[in-house]
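Just below is one structure, and these are the notes that go with it.
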Amino acid sequence: MPQPSLRSSASFQALSKLAPDAARWQMRELFAGDPERFKAMSVDAAGLFLDYSKNRLDGRTLELLLQLARERGVEARRDAMFAGEKINNTEQRAVLHTALRAPADAPKLIVDGQDVHADVHAVLQRVRVFSDAVRSGTWLGHTGKAIVDVVNIGIGGSDLGPKMVCLALRQYSHPGLRMHFVSNVDGHDLDAVLSIVDPETTLFIIASKTFTTSETMMNAQTARKWFTALAPESALARHFVAVSTNLEAIKTFGIDPDTMFPFWDWVGGRYSVWSAIGLPIALAVGFGYFSDFLAGAHAMDQHFKSAPLAANMPVLLALVGFWNRQFLECGSVSIAPYHQDLSRFPAYLQQLEMESNGKRVTRDGAAVDYATCPAVWGECGTNGQHAYFQMLHQGTDVTPIDFIAALRPGHELQRHHAALLANCFAQSEAFMRGKTITEVYADLQAQGLAPDEIERLAPHKTFPGNRPSNTILMEYLTPHSLGALVALYEHKTFVQGVLWDVNSFDQWGVELGKALAKNIEAELTTTVRPELHDSSTNGLIAKAREAV
Ligand code: F6P
């Protein structure tokens with residue numbers, strides 16, 4: 001049953017009527033008018049706390065947004081996803097990353113005749129055994145030495161998730177194992193790692209859902225060649241393992257079936273960190289903490305499945321983001337983790353959100369007549385304050401920010417942590433309240449500046465404020481809270497995809513560039529006559545051919 005167009009929905013139309021007034025609302029006044037605003041616009045779930053009160057919306061707006069979620073069938077589509085229905089309609093696949101973190105005793109889930117949870121836990125058990133063996137030193141390289149370096153070769157979802165999590169959980173990681181992530185086809189990436197690792201004590205993980213991605217295949221073949229130049233072919237089995245849905249391709253590469261870790265088509269690449277793609281995490285922090293990471297996500301799943309929409313953290317985060325995108329016309333969202341170990345989290349969310357919802361047609365193929373996914377970007381605080389917060393405060397665009405912080409540090413530098421949290425909270429306050437020209441005049445007069453100096457400086461020192469932000473807090477950054485945080489954004493992405501009626505689980509948009517690159521690579525590396533491209537592309541190819 002095709003989804004009615006978004007614009008035809010009664011609540012969308014009511015929101016559209018409300019938007020011009022809302023654009024003029026001053027958050028200062030919304031807070032002044034309701035001392036309970038913070039309490040009313042915040043929610044706890046799975047160990048996380050979300051404060052969404054610093055947004056330009058009121059109770060009525062929220063009611064209409066929740067009504068929109070109901071009208072768009074968010075709950076039914078959510079239940080369909082958890083039930084294993086093939087909601088990825090262009091690839092005819094189920095979407096079951098939630099099954100990857102379900103406990104072994106979860107209710108049976110049969111999809112295409114397969115017992116999903118049993119399959120998941122069988123692979124998890126293999127991940128446990130293998131990661132325990134490597135970490136304990138019982139898994140030895142071909143010369144009898146324990147593994148010291150682990151090199152994950154993968155890109156996109158086969159890189160971003162494990163890399164982000166290994167960094168975020170660095171305080172939990174094995175002191176004797178160094179994790180490396182090679183993703184770019186740029187030889188500088190692989191070269192930087194091969195130049196510092198020893199083939200006798202290095203384990204390569206070839207991570208690729210399809211086992212056809214050109215960057216990963218080239219990096220894997222080069223790593224294999226490097227290795228077999230320094231060790232016998234028979235040693236590959238001790239130093240190369242693979243994670244993929246494509247077991248035939250792994251066999252062709254020459255990897256021992258005992259060290260192939262499978263996953264399934266119903267796991268999207270950008271949703272795969274919970275699968276054997278997370279093997280680097282289990283190696284780095286141990287299977288126990290990896291299980292805690294899974295449990296945190298499962299806790300958020302349970303909340304998402306059961307909480308009423310008005311108290312549902314992923315739904316609220318999605319609706320607020322939808323309101324800012326659709327009605328405040330914000331073109332991007334900035335992610336500001338105020339935790340240095342979450343420095344790769346914005347990059348992770350770029351793929352999760354923009355590859356899921358960066359679409360221009362509905363599930364039925366009709367061109368949308370509204371904006372869909374905004375650009376997602378960001379940097380750790382407090383660093384962002386010294387890079388682009390100038391634009392966020394006084395630029396012409398309004399960019400909503402998600403602040404993310406842990407109330408307690410994983411270190412003893414208490415003064416540092418107080419300064420970090422002070423900056424985090426001060427920034428969201430500054431974005432909300434701004435600084436009026438009257439306040440600037442008063443400040444400059446109090447500083448004793450001459451009237452003409454005050455006139456000259458005041459416009460430059462005025463802050464419009466009224467700039468929206470969310471703040472997400474956790475007690476500590478732990479495997480469990482990290483799992484809940486990632487699942488929160490997965491479900492936020494899911495809900496927005498339903499609102500926009502796009503298929504959040506395919507990625508046809510990556511195919512054209514790949515195909516064109518193959519042609520141009522042939523023109524750069526062989527005597528193939530250059531195809532008739534545009535003059536720019538022809539000129540660029542000519543320059544590269546001259547340089548060779
Ligand atoms: O970017 C396209 C994409 O297919 C992503 O969805 C995926 O995470 C990445 O490439 C890598 O794909 P694979 O894991 O199959 O190598």
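Going by the structure tokens order, chains are called A, B, ..., each with residues numbered from 1, while ligands are numbered from 1 in the order shown.
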Distance filter 8 Å around ligand 1, atoms: only C-alpha atoms and all ligand atoms, out as a ChimeraX atom specification: /A:154-159,207-214,216,244,268-270,351,355,506-507,510-511
Please produce an output containing N, CA, C and O atoms for each residue in the selection, written as a compact mmCIF listing (two decimals), in the first residue's frame.
# COMPACT_ATOMS: atom_id res chain seq x y z
N GLY A 154 39.02 -2.77 5.15
CA GLY A 154 37.60 -2.63 4.81
C GLY A 154 37.30 -1.15 4.63
O GLY A 154 38.12 -0.31 4.97
N ILE A 155 36.12 -0.86 4.11
CA ILE A 155 35.76 0.55 3.89
C ILE A 155 34.28 0.74 4.16
O ILE A 155 33.53 -0.24 4.24
N GLY A 156 33.85 1.96 4.37
CA GLY A 156 32.44 2.24 4.68
C GLY A 156 32.05 1.52 5.96
O GLY A 156 32.79 1.56 6.95
N GLY A 157 30.93 0.80 5.90
CA GLY A 157 30.48 0.12 7.12
C GLY A 157 31.40 -0.97 7.58
O GLY A 157 31.32 -1.42 8.72
N SER A 158 32.34 -1.39 6.73
CA SER A 158 33.31 -2.43 7.13
C SER A 158 34.54 -1.82 7.74
O SER A 158 35.55 -2.50 7.95
N ASP A 159 34.48 -0.53 7.97
CA ASP A 159 35.61 0.21 8.56
C ASP A 159 35.14 1.19 9.63
O ASP A 159 35.60 1.17 10.76
N ALA A 207 37.56 -7.35 5.61
CA ALA A 207 36.16 -7.14 6.00
C ALA A 207 35.40 -6.53 4.84
O ALA A 207 35.69 -5.41 4.41
N SER A 208 34.46 -7.28 4.32
CA SER A 208 33.68 -6.78 3.18
C SER A 208 32.40 -7.57 3.04
O SER A 208 32.44 -8.77 2.80
N LYS A 209 31.27 -6.90 3.17
CA LYS A 209 30.00 -7.61 3.06
C LYS A 209 29.92 -8.32 1.70
O LYS A 209 29.58 -9.49 1.64
N THR A 210 30.26 -7.65 0.64
CA THR A 210 30.12 -8.23 -0.70
C THR A 210 31.37 -8.98 -1.15
O THR A 210 31.36 -9.80 -2.02
N PHE A 211 32.51 -8.61 -0.56
CA PHE A 211 33.83 -9.12 -0.97
C PHE A 211 34.08 -8.80 -2.45
O PHE A 211 34.70 -9.57 -3.18
N THR A 212 33.55 -7.65 -2.86
CA THR A 212 33.80 -7.19 -4.24
C THR A 212 34.21 -5.71 -4.28
O THR A 212 34.59 -5.21 -5.32
N THR A 213 34.14 -5.02 -3.16
CA THR A 213 34.43 -3.58 -3.15
C THR A 213 35.86 -3.36 -3.59
O THR A 213 36.81 -3.90 -2.99
N SER A 214 36.02 -2.52 -4.64
CA SER A 214 37.33 -2.46 -5.31
C SER A 214 38.44 -2.00 -4.37
O SER A 214 39.54 -2.58 -4.38
N THR A 216 38.74 -2.38 -1.16
CA THR A 216 39.10 -3.44 -0.21
C THR A 216 39.81 -4.58 -0.91
O THR A 216 40.80 -5.13 -0.40
N SER A 244 32.52 -11.75 5.77
CA SER A 244 31.74 -11.43 4.57
C SER A 244 30.46 -12.25 4.51
O SER A 244 30.28 -13.21 5.25
N GLY A 268 22.68 -4.44 6.74
CA GLY A 268 23.23 -3.37 5.89
C GLY A 268 24.65 -3.05 6.31
O GLY A 268 24.98 -3.12 7.50
N GLY A 269 25.51 -2.67 5.37
CA GLY A 269 26.90 -2.37 5.69
C GLY A 269 27.03 -1.36 6.81
O GLY A 269 27.77 -1.56 7.77
N ARG A 270 26.24 -0.27 6.74
CA ARG A 270 26.34 0.78 7.75
C ARG A 270 25.66 0.39 9.06
O ARG A 270 25.63 1.18 10.00
N GLN A 351 27.97 8.21 7.40
CA GLN A 351 27.50 7.11 6.57
C GLN A 351 26.12 6.65 7.02
O GLN A 351 25.21 6.47 6.20
N GLU A 355 23.99 7.95 4.01
CA GLU A 355 23.84 6.85 3.04
C GLU A 355 22.46 6.20 3.19
O GLU A 355 21.94 5.60 2.25
N ASP A 506 19.00 0.84 1.10
CA ASP A 506 19.80 0.56 -0.10
C ASP A 506 20.74 1.72 -0.32
O ASP A 506 20.73 2.68 0.44
N GLN A 507 21.62 1.63 -1.34
CA GLN A 507 22.57 2.71 -1.59
C GLN A 507 22.98 2.72 -3.06
O GLN A 507 24.15 2.62 -3.41
N VAL A 510 25.85 4.99 -4.89
CA VAL A 510 27.31 4.82 -4.92
C VAL A 510 27.76 4.13 -6.21
O VAL A 510 28.95 3.98 -6.48
N GLU A 511 26.81 3.68 -7.03
CA GLU A 511 27.18 2.82 -8.18
C GLU A 511 27.78 3.59 -9.35
O GLU A 511 28.73 3.14 -9.98
Please give the complete set of residues from range 360-459 of chain A that DSSP, run on the backbone, assigns to strand (DSSP E), formatted as an MDAnalysis selection string. chainID A and resid 375:378 401:406
Residues as selected, C-alpha atoms, written as an mmCIF file, in the first residue's frame, can you do that?
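Heads up, here's the output in part.cif:
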data_model
loop_
_atom_site.group_PDB
_atom_site.id
_atom_site.type_symbol
_atom_site.label_atom_id
_atom_site.label_comp_id
_atom_site.auth_asym_id
_atom_site.auth_seq_id
_atom_site.Cartn_x
_atom_site.Cartn_y
_atom_site.Cartn_z
ATOM 1 C CA ALA A 375 24.357 17.047 5.618
ATOM 2 C CA VAL A 376 25.822 15.541 8.787
ATOM 3 C CA TRP A 377 29.228 16.739 9.972
ATOM 4 C CA GLY A 378 31.140 17.591 13.085
ATOM 5 C CA ILE A 401 23.906 20.784 16.960
ATOM 6 C CA ASP A 402 23.833 17.505 18.864
ATOM 7 C CA PHE A 403 26.040 17.803 21.957
ATOM 8 C CA ILE A 404 27.121 14.439 23.395
ATOM 9 C CA ALA A 405 28.936 14.139 26.719
ATOM 10 C CA ALA A 406 29.733 11.755 29.572
#
Looking at only C-alpha atoms, which of A:Ala83, A:His142, A:Trp264, A:Arg178 is the one that sits closest to Leu230 in chain A?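 Result for the nearest residue to Leu230 in chain A: A:His142.
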Who sits within 9 Å of Ala284 in chain A, only C-alpha atoms, same chain under 5 positions skipped, as a VMD selection string: chain A and resid 131 135 150 166 169 to 170 172 to 175 177 to 179 279
Cut-off 10 Å: closest range 188-270 of chain A/range 102-122 of chain A atom pairs per residue, using only C-alpha atoms, as a Markdown table:
| residue | atom | partner | partner_atom | distance |
| --- | --- | --- | --- | --- |
| A:Pro262 | CA | A:Val120 | CA | 9.4 |
| A:Phe263 | CA | A:Val120 | CA | 8.0 |
| A:Trp264 | CA | A:Val120 | CA | 9.3 |
| A:Trp266 | CA | A:Val111 | CA | 9.6 |
Neighbouring residues of Phe38 in chain A were defined as those with any atom within 12 Å, considering only C-alpha atoms; residues of the same chain fewer than 2 positions away were excluded. Please report them as a PyMOL selection string. chain A and resi 27+30-36+40-43+49-55+58+470-471
Between A:Ala22, A:Met217, A:Val320, A:Ala446, which has the minimum distance to Asn184 in chain A (counting only C-alpha atoms)?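 Of the candidates, the smallest distance to Asn184 in chain A is held by A:Met217.
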Between A:Ala192, A:Asp79, A:Gly465, A:Leu283, which residue has the minimum interatomic distance to Trp139 in chain A, considering only C-alpha atoms?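 Ranking A:Ala192, A:Asp79, A:Gly465, A:Leu283 by distance to Trp139 in chain A, first place goes to A:Leu283.
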Take CA of Leu482 in chain A and CA of Gly331 in chain A and report the distance between them in Å, one decimal. 27.1 Å
Residues within 10 Å of Arg101 in chain A, only C-alpha atoms, excluding chain neighbours under 3 positions, as a list in words: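 Everything that qualifies: Leu96, His97, Thr98, Ala104, Ala106, His117, Val120, His121, Leu124, Trp274, Ser275, Ser291, Asp292, Phe293, Leu294, Ala295, Gly296, Ala297, His298, Ala299, Asp301 and Gly483 of chain A.
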Which of these, A:Ser9, A:Asn383, A:Asn538, A:Asn466, has the shortest distance to Arg28 in chain A once you count only C-alpha atoms?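 Under the stated criterion, the closest residue is A:Asn466.
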Enter the distance from CA of Glu412 in chain A to CA of His480 in chain A, in Å, rounded to one decimal.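 Rounded to one decimal, the two atoms are 21.2 Å apart.
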Write out as a compact mmCIF listing (two decimals) with C-alpha atoms, in the first residue's frame all residues of range 202-379 of chain A that DSSP puts in alpha helix (DSSP H) for this structure's backbone.
# COMPACT_ATOMS: atom_id res chain seq x y z
CA SER A 214 37.33 -2.46 -5.31
CA GLU A 215 39.24 -0.54 -2.63
CA THR A 216 39.10 -3.44 -0.21
CA MET A 217 39.96 -6.04 -2.81
CA MET A 218 42.97 -4.05 -4.00
CA ASN A 219 44.19 -3.46 -0.45
CA ALA A 220 43.65 -7.13 0.41
CA GLN A 221 45.53 -8.40 -2.67
CA THR A 222 48.43 -6.02 -2.01
CA ALA A 223 48.59 -7.04 1.65
CA ARG A 224 48.54 -10.69 0.56
CA LYS A 225 51.36 -10.08 -1.92
CA TRP A 226 53.39 -8.24 0.71
CA PHE A 227 52.88 -11.10 3.12
CA THR A 228 53.67 -13.97 0.74
CA LEU A 236 48.26 -17.27 5.06
CA ALA A 237 45.88 -19.34 7.17
CA ARG A 238 47.51 -18.05 10.37
CA HIS A 239 47.55 -14.42 9.32
CA LEU A 247 31.98 -17.20 1.35
CA GLU A 248 32.81 -18.33 -2.21
CA ALA A 249 34.83 -15.15 -2.81
CA ILE A 250 36.67 -15.62 0.46
CA LYS A 251 37.62 -19.17 -0.53
CA THR A 252 38.89 -17.89 -3.88
CA PHE A 253 41.05 -15.37 -2.05
CA LEU A 279 35.64 -8.70 15.14
CA PRO A 280 38.30 -5.97 15.57
CA ILE A 281 36.31 -4.71 18.57
CA ALA A 282 36.22 -8.16 20.19
CA LEU A 283 39.97 -8.47 19.54
CA ALA A 284 40.68 -5.03 20.98
CA VAL A 285 38.48 -5.02 24.08
CA PHE A 287 34.37 -10.55 23.82
CA GLY A 288 32.92 -9.61 27.21
CA TYR A 289 33.00 -5.88 26.53
CA PHE A 290 31.87 -6.51 22.93
CA SER A 291 28.85 -8.28 24.43
CA ASP A 292 28.22 -5.26 26.67
CA PHE A 293 28.27 -3.10 23.53
CA LEU A 294 25.66 -5.39 21.99
CA ALA A 295 23.63 -5.30 25.21
CA GLY A 296 23.57 -1.51 25.24
CA ALA A 297 22.14 -1.49 21.74
CA HIS A 298 19.62 -4.17 22.71
CA ALA A 299 18.49 -2.04 25.65
CA MET A 300 17.83 0.84 23.25
CA ASP A 301 16.02 -1.58 20.90
CA GLN A 302 13.69 -2.62 23.72
CA HIS A 303 13.01 1.01 24.56
CA PHE A 304 12.38 1.89 20.90
CA LYS A 305 10.03 -1.07 20.53
CA SER A 306 8.00 -0.45 23.67
CA MET A 313 14.01 8.78 22.63
CA PRO A 314 14.79 7.78 19.01
CA VAL A 315 11.36 9.02 17.88
CA LEU A 316 11.77 12.38 19.66
CA LEU A 317 15.31 12.87 18.33
CA ALA A 318 14.00 12.07 14.84
CA LEU A 319 10.98 14.38 15.06
CA VAL A 320 12.99 17.34 16.36
CA GLY A 321 15.50 16.82 13.55
CA PHE A 322 12.63 16.55 11.04
CA TRP A 323 11.12 19.82 12.36
CA ASN A 324 14.46 21.64 12.01
CA ARG A 325 15.03 20.22 8.54
CA GLN A 326 11.52 20.62 7.12
CA PHE A 345 31.52 9.35 15.86
CA PRO A 346 30.59 12.20 13.46
CA ALA A 347 32.25 10.29 10.58
CA TYR A 348 30.33 7.16 11.55
CA LEU A 349 27.04 9.07 11.57
CA SER A 356 20.50 5.79 4.57
CA ASN A 357 18.39 8.90 3.93
Closest contacts (range 443-535 of chain A/range 361-374 of chain A, max 8 Å, only C-alpha atoms) as a tab-separated table:
residue	atom	partner	partner_atom	distance
A:Trp500	CA	A:Thr372	CA	6.4
A:Asp501	CA	A:Thr362	CA	5.3
A:Val502	CA	A:Thr362	CA	4.5
A:Asn503	CA	A:Arg363	CA	5.2
What is the distance between CA of Val440 in chain A and CA of Cys380 in chain A, in Å to one decimal?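 Value for the CA of Val440 in chain A-CA of Cys380 in chain A distance: 29.1 Å.
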Using only C-alpha atoms, which protein or nucleic acid residues come within 9 Å of Met81 in chain A? Drop anything in the same chain fewer than 5 positions from it, and give the result as a ChimeraX atom specification. /A:76,86-87,94-96,98
Expected file contents, prior selection, N, CA and C atoms, as a PDB file, in the first residue's frame:
ATOM      1  N   ALA A  76       4.108   0.876  12.927  1.00  0.00           N
ATOM      2  CA  ALA A  76       3.892  -0.349  12.135  1.00  0.00           C
ATOM      3  C   ALA A  76       5.160  -0.727  11.377  1.00  0.00           C
ATOM      4  N   LYS A  86      10.511  -7.827   4.753  1.00  0.00           N
ATOM      5  CA  LYS A  86      11.475  -7.317   3.775  1.00  0.00           C
ATOM      6  C   LYS A  86      11.203  -5.848   3.479  1.00  0.00           C
ATOM      7  N   ILE A  87      11.544  -4.994   4.432  1.00  0.00           N
ATOM      8  CA  ILE A  87      11.247  -3.558   4.305  1.00  0.00           C
ATOM      9  C   ILE A  87      12.243  -2.851   3.406  1.00  0.00           C
ATOM     10  N   ALA A  94      15.159  -8.308   4.292  1.00  0.00           N
ATOM     11  CA  ALA A  94      14.808  -7.892   5.647  1.00  0.00           C
ATOM     12  C   ALA A  94      15.903  -6.955   6.156  1.00  0.00           C
ATOM     13  N   VAL A  95      15.605  -6.278   7.249  1.00  0.00           N
ATOM     14  CA  VAL A  95      16.564  -5.348   7.871  1.00  0.00           C
ATOM     15  C   VAL A  95      16.646  -5.739   9.337  1.00  0.00           C
ATOM     16  N   LEU A  96      17.685  -6.486   9.696  1.00  0.00           N
ATOM     17  CA  LEU A  96      17.678  -7.125  11.023  1.00  0.00           C
ATOM     18  C   LEU A  96      18.951  -6.907  11.817  1.00  0.00           C
ATOM     19  N   THR A  98      19.021  -5.382  14.360  1.00  0.00           N
ATOM     20  CA  THR A  98      18.576  -5.537  15.758  1.00  0.00           C
ATOM     21  C   THR A  98      18.723  -6.985  16.225  1.00  0.00           C
TER      22      THR A  98
END
